[in-house]
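Shown next: target_9.txt, containing compact mmCIF, C-alpha atoms (C1' of nucleotides).
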# COMPACT_ATOMS: atom_id res chain seq x y z
CA MET I 1208 -150.66 -64.66 27.71
CA MET I 1209 -147.71 -66.98 28.29
CA ARG I 1210 -144.79 -65.31 26.60
CA SER I 1211 -141.56 -67.23 26.50
CA THR I 1212 -139.30 -64.21 26.71
CA VAL I 1213 -139.41 -60.72 28.15
CA GLU I 1214 -136.79 -58.04 27.81
CA LYS I 1215 -135.96 -54.62 29.15
CA VAL I 1216 -133.84 -51.74 27.93
CA LEU I 1217 -131.54 -50.86 30.80
CA SER I 1218 -131.78 -47.45 32.41
CA ALA I 1219 -128.68 -45.67 33.69
CA ASN I 1220 -129.85 -46.36 37.20
CA ASP I 1221 -130.24 -50.08 36.44
CA THR I 1222 -126.61 -50.38 35.37
CA GLY I 1223 -125.19 -48.29 38.20
CA GLU I 1224 -124.04 -45.53 35.86
CA THR I 1225 -125.80 -42.95 38.00
CA HIS I 1226 -123.75 -44.20 40.95
CA ALA I 1227 -126.81 -45.23 42.80
CA HIS I 1228 -125.85 -48.29 44.77
CA GLN I 1229 -129.10 -49.80 43.77
CA ALA I 1230 -127.86 -53.02 42.22
CA GLY I 1231 -130.52 -54.30 39.94
CA LEU I 1232 -133.30 -53.35 37.61
CA LEU I 1233 -136.76 -52.05 38.03
CA ILE I 1234 -139.37 -54.34 36.51
CA PRO I 1235 -142.20 -52.45 34.84
CA LYS I 1236 -145.58 -53.42 36.25
CA ASN I 1237 -146.89 -54.74 32.96
CA ILE I 1238 -144.07 -57.25 32.92
CA ALA I 1239 -144.69 -58.17 36.54
CA ARG I 1240 -148.34 -58.72 35.67
CA LEU I 1241 -147.42 -61.28 33.03
CA GLU I 1242 -146.32 -63.53 35.88
CA PHE I 1243 -143.35 -64.41 33.76
CA PHE I 1244 -141.44 -64.27 37.00
CA PRO I 1245 -142.87 -66.13 39.99
CA LYS I 1246 -145.93 -64.51 41.52
CA LEU I 1247 -145.13 -62.76 44.77
CA ASP I 1248 -147.72 -62.74 47.53
CA PRO I 1249 -149.00 -59.16 48.00
CA SER I 1250 -150.48 -60.00 51.37
CA ILE I 1251 -147.03 -59.99 52.92
CA LYS I 1252 -144.65 -57.05 52.98
CA ASN I 1253 -141.75 -57.00 50.51
CA PRO I 1254 -142.16 -60.60 49.35
CA ARG I 1255 -139.26 -62.05 47.41
CA CYS I 1256 -137.83 -65.12 45.80
CA VAL I 1257 -134.55 -66.28 44.36
CA ILE I 1258 -134.19 -66.73 40.63
CA ASP I 1259 -131.55 -69.02 39.17
CA LEU I 1260 -130.47 -68.20 35.66
CA ARG I 1261 -128.11 -69.45 33.02
CA ASP I 1262 -126.74 -67.33 30.21
CA ALA I 1263 -125.81 -68.25 26.64
CA ALA I 1264 -122.23 -68.99 27.72
CA GLY I 1265 -123.48 -71.43 30.34
CA GLU I 1266 -122.59 -69.18 33.27
CA GLU I 1267 -124.99 -69.37 36.17
CA TRP I 1268 -126.35 -66.43 38.12
CA THR I 1269 -128.66 -65.85 41.02
CA PHE I 1270 -130.87 -62.77 41.20
CA ASN I 1271 -133.42 -61.76 43.79
CA TYR I 1272 -136.90 -60.86 42.64
CA ILE I 1273 -138.58 -58.54 45.14
CA TYR I 1274 -141.92 -56.79 45.30
CA TYR I 1275 -141.39 -53.63 47.33
CA ASN I 1276 -144.98 -53.14 48.33
CA ASN I 1277 -144.99 -51.12 51.53
CA ALA I 1278 -147.63 -48.91 49.91
CA LEU I 1279 -150.01 -51.70 50.88
CA PHE I 1280 -148.83 -51.36 54.47
CA GLY I 1281 -148.95 -47.61 54.99
CA GLY I 1282 -145.83 -46.69 53.05
CA THR I 1283 -145.14 -45.33 49.58
CA ARG I 1284 -143.42 -48.14 47.65
CA ASN I 1285 -145.16 -50.20 45.00
CA GLU I 1286 -142.66 -51.62 42.58
CA TYR I 1287 -140.90 -54.78 41.48
CA ARG I 1288 -137.16 -55.17 41.29
CA LEU I 1289 -134.58 -57.70 40.29
CA THR I 1290 -131.59 -57.20 42.56
CA SER I 1291 -128.09 -58.56 43.06
CA MET I 1292 -127.29 -58.14 39.39
CA THR I 1293 -124.07 -56.18 39.75
CA GLU I 1294 -121.82 -59.13 38.98
CA PHE I 1295 -123.76 -60.04 35.87
CA LEU I 1296 -123.94 -56.46 34.59
CA ARG I 1297 -120.23 -55.94 35.10
CA HIS I 1298 -119.28 -59.27 33.62
CA TYR I 1299 -120.84 -58.29 30.32
CA ASP I 1300 -120.18 -54.57 30.77
CA LEU I 1301 -123.81 -53.71 30.13
CA LYS I 1302 -124.67 -50.04 29.88
CA GLU I 1303 -127.70 -47.82 29.69
CA GLY I 1304 -129.54 -48.55 26.46
CA ASP I 1305 -128.45 -52.18 26.26
CA THR I 1306 -131.20 -54.77 26.53
CA VAL I 1307 -131.45 -57.73 28.89
CA VAL I 1308 -133.53 -60.67 27.69
CA PHE I 1309 -135.09 -63.25 29.99
CA LYS I 1310 -136.30 -66.64 28.82
CA ARG I 1311 -138.84 -68.71 30.62
CA PRO I 1312 -137.18 -71.56 32.51
CA THR I 1313 -137.30 -75.08 31.14
CA GLY I 1314 -136.22 -76.58 34.43
CA ARG I 1315 -134.66 -74.85 37.34
CA PHE I 1316 -132.94 -72.13 35.34
CA TYR I 1317 -134.29 -69.06 33.67
CA GLY I 1318 -132.36 -67.98 30.61
CA VAL I 1319 -130.60 -64.60 30.51
CA ASP I 1320 -129.18 -62.94 27.48
CA TYR I 1321 -128.42 -59.43 26.37
CA ARG I 1322 -128.27 -57.29 23.27
CA ARG I 1323 -126.00 -54.31 22.84
CA LYS I 1324 -127.45 -50.97 21.98
CA HIS I 1325 -127.05 -49.99 18.38
CA GLN I 1326 -124.90 -46.94 18.03
CA GLY I 1327 -127.10 -44.17 16.78
CA LEU I 1328 -130.28 -46.16 17.02
CA THR I 1329 -133.17 -43.92 17.83
CA THR I 1330 -136.91 -44.38 17.96
CA PHE I 1331 -139.33 -41.88 16.48
CA PRO I 1332 -142.46 -40.96 18.44
CA SER I 1333 -144.36 -43.14 15.97
CA GLY I 1334 -142.37 -46.08 17.28
CA ARG I 1335 -140.46 -46.42 14.05
CA LYS I 1336 -136.79 -47.20 14.56
CA VAL I 1337 -134.01 -45.48 12.70
CA LEU I 1338 -130.35 -46.42 12.58
CA LYS I 1339 -128.09 -43.52 11.68
CA LEU I 1340 -124.93 -44.32 9.77
CA SER I 1341 -122.02 -42.19 8.70
CA GLY I 1342 -122.35 -39.75 5.82
CA ASN I 1343 -125.97 -39.00 6.70
CA TRP I 1344 -127.19 -42.39 5.57
CA ILE I 1345 -129.87 -43.95 7.69
CA ILE I 1346 -131.68 -47.27 7.78
CA LEU I 1347 -135.40 -47.45 8.39
CA ASP I 1348 -137.31 -50.43 9.71
CA THR I 1349 -134.48 -52.02 11.59
CA ASP I 1350 -136.46 -54.99 12.86
CA ASP I 1351 -134.25 -57.40 10.95
CA LEU I 1352 -131.06 -56.00 12.45
CA SER I 1353 -131.85 -57.10 15.95
C1' DA D 1067 -145.32 -45.47 36.59
C1' DG D 1068 -140.54 -45.29 36.11
C1' DC D 1069 -136.19 -43.59 37.20
C1' DC D 1070 -132.87 -41.38 40.37
C1' DA D 1071 -130.95 -41.32 44.85
C1' DT D 1072 -129.32 -42.52 49.75
C1' DG D 1073 -128.80 -43.94 54.96
C1' DC D 1074 -127.51 -47.82 56.98
C1' DA D 1075 -126.53 -52.78 57.81
C1' DC D 1076 -123.68 -56.27 56.60
C1' DC D 1077 -119.46 -58.46 55.26
C1' DG D 1078 -114.89 -59.17 53.28
C1' DC W 1448 -113.24 -49.49 56.23
C1' DG W 1449 -114.67 -49.78 51.45
C1' DG W 1450 -117.95 -52.06 48.54
C1' DT W 1451 -122.53 -53.99 48.04
C1' DG W 1452 -127.42 -54.52 48.53
C1' DC W 1453 -131.75 -53.51 51.34
C1' DA W 1454 -135.43 -50.66 51.99
C1' DT W 1455 -136.97 -46.57 51.32
C1' DG W 1456 -137.61 -41.45 49.90
C1' DG W 1457 -137.79 -38.17 46.13
C1' DC W 1458 -138.38 -36.26 41.55
C1' DT W 1459 -140.41 -36.21 36.82
What does the file become when written as structure tokens?
Amino acid sequence: MMRSTVEKVLSANDTGETHAHQAGLLIPKNIARLEFFPKLDPSIKNPRCVIDLRDAAGEEWTFNYIYYNNALFGGTRNEYRLTSMTEFLRHYDLKEGDTVVFKRPTGRFYGVDYRRKHQGLTTFPSGRKVLKLSGNWIILDTDDLS
DNA sequence: AGCCATGCACCG
DNA sequence: CGGTGCATGGCT
């Protein structure tokens, strides 16, 4: 399926809040499989490519998209990452729980955007979202809040 | 599968 | 020499 956008809720490690000097976010395999990002050749070790992006404010960024795949070469790694995102994450002060949105490129540039975490937004095991307000009021079905 | 963590190389 | 990212190991 050719989706036009993908997004990920940032982990603490993604944003650097755990003080891991890891600088980027882990891409879940199901997103990698969409081939939303360029396909990386698994026959070579740690294949990568550069991704040019533009955000809603018109700022341009360059991330690296890497497939750490040494598991296919006798090691233990088998995961995708977008790296070199520190500048972007700091520029918008993105934290754990915030969401980064990627839009399929029209020309040379992918689109990047972000959405702040709702304060008090939680997700029930059923997948239903709940926004807690003051005074014990809550809002159910928060799809239209985005 | 996903997140947390780190030794070291590189670079200002 | 301090900050950053690479490449990898470790834990859940």
Q: Do a neighbour search on segment 1281-1293 of chain I at 10 Å with only C-alpha atoms (C1' of nucleotides), toss out local chain neighbours closer than 4 positions, and write the hits as a VMD selection string.
A: (chain I and resid 1221 to 1223 1228 to 1236 1238 to 1239 1247 1253 to 1258 1268 to 1277 1297 to 1298 1300 to 1301) or (chain D and resid 1067 to 1068) or (chain W and resid 1451 to 1456)
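Counting only C-alpha atoms (C1' of nucleotides) and comparing I:Asn1237, I:Thr1212, I:Asn1220, I:Thr1313, the residue that lies closest to chain D is I:Asn1220.
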Q: When you get a sec, could you note down which chain D residues fall within 12 Å of chain I, using all atoms listed in the file, as a VMD selection string?
A: chain D and resid 1067 to 1073
Q: Find the residue from I:Glu1303, I:Glu1294, I:Glu1224, I:Asp1320 that sits nearest to chain W; use all atoms listed in the file when measuring.
A: I:Glu1294
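Taking atom CA of Ala1263 of chain I and atom CA of Arg1240 of chain I as the two end points, the separation is 26.1 Å.
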Q: Have a look at atom CA of Val1216 of chain I and atom CA of Asp1305 of chain I and let me know their distance in Å, one decimal.
A: 5.7 Å
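The gap separating atom CA of Arg1311 of chain I from atom CA of Phe1243 of chain I is 7.0 Å, in Å to one decimal.
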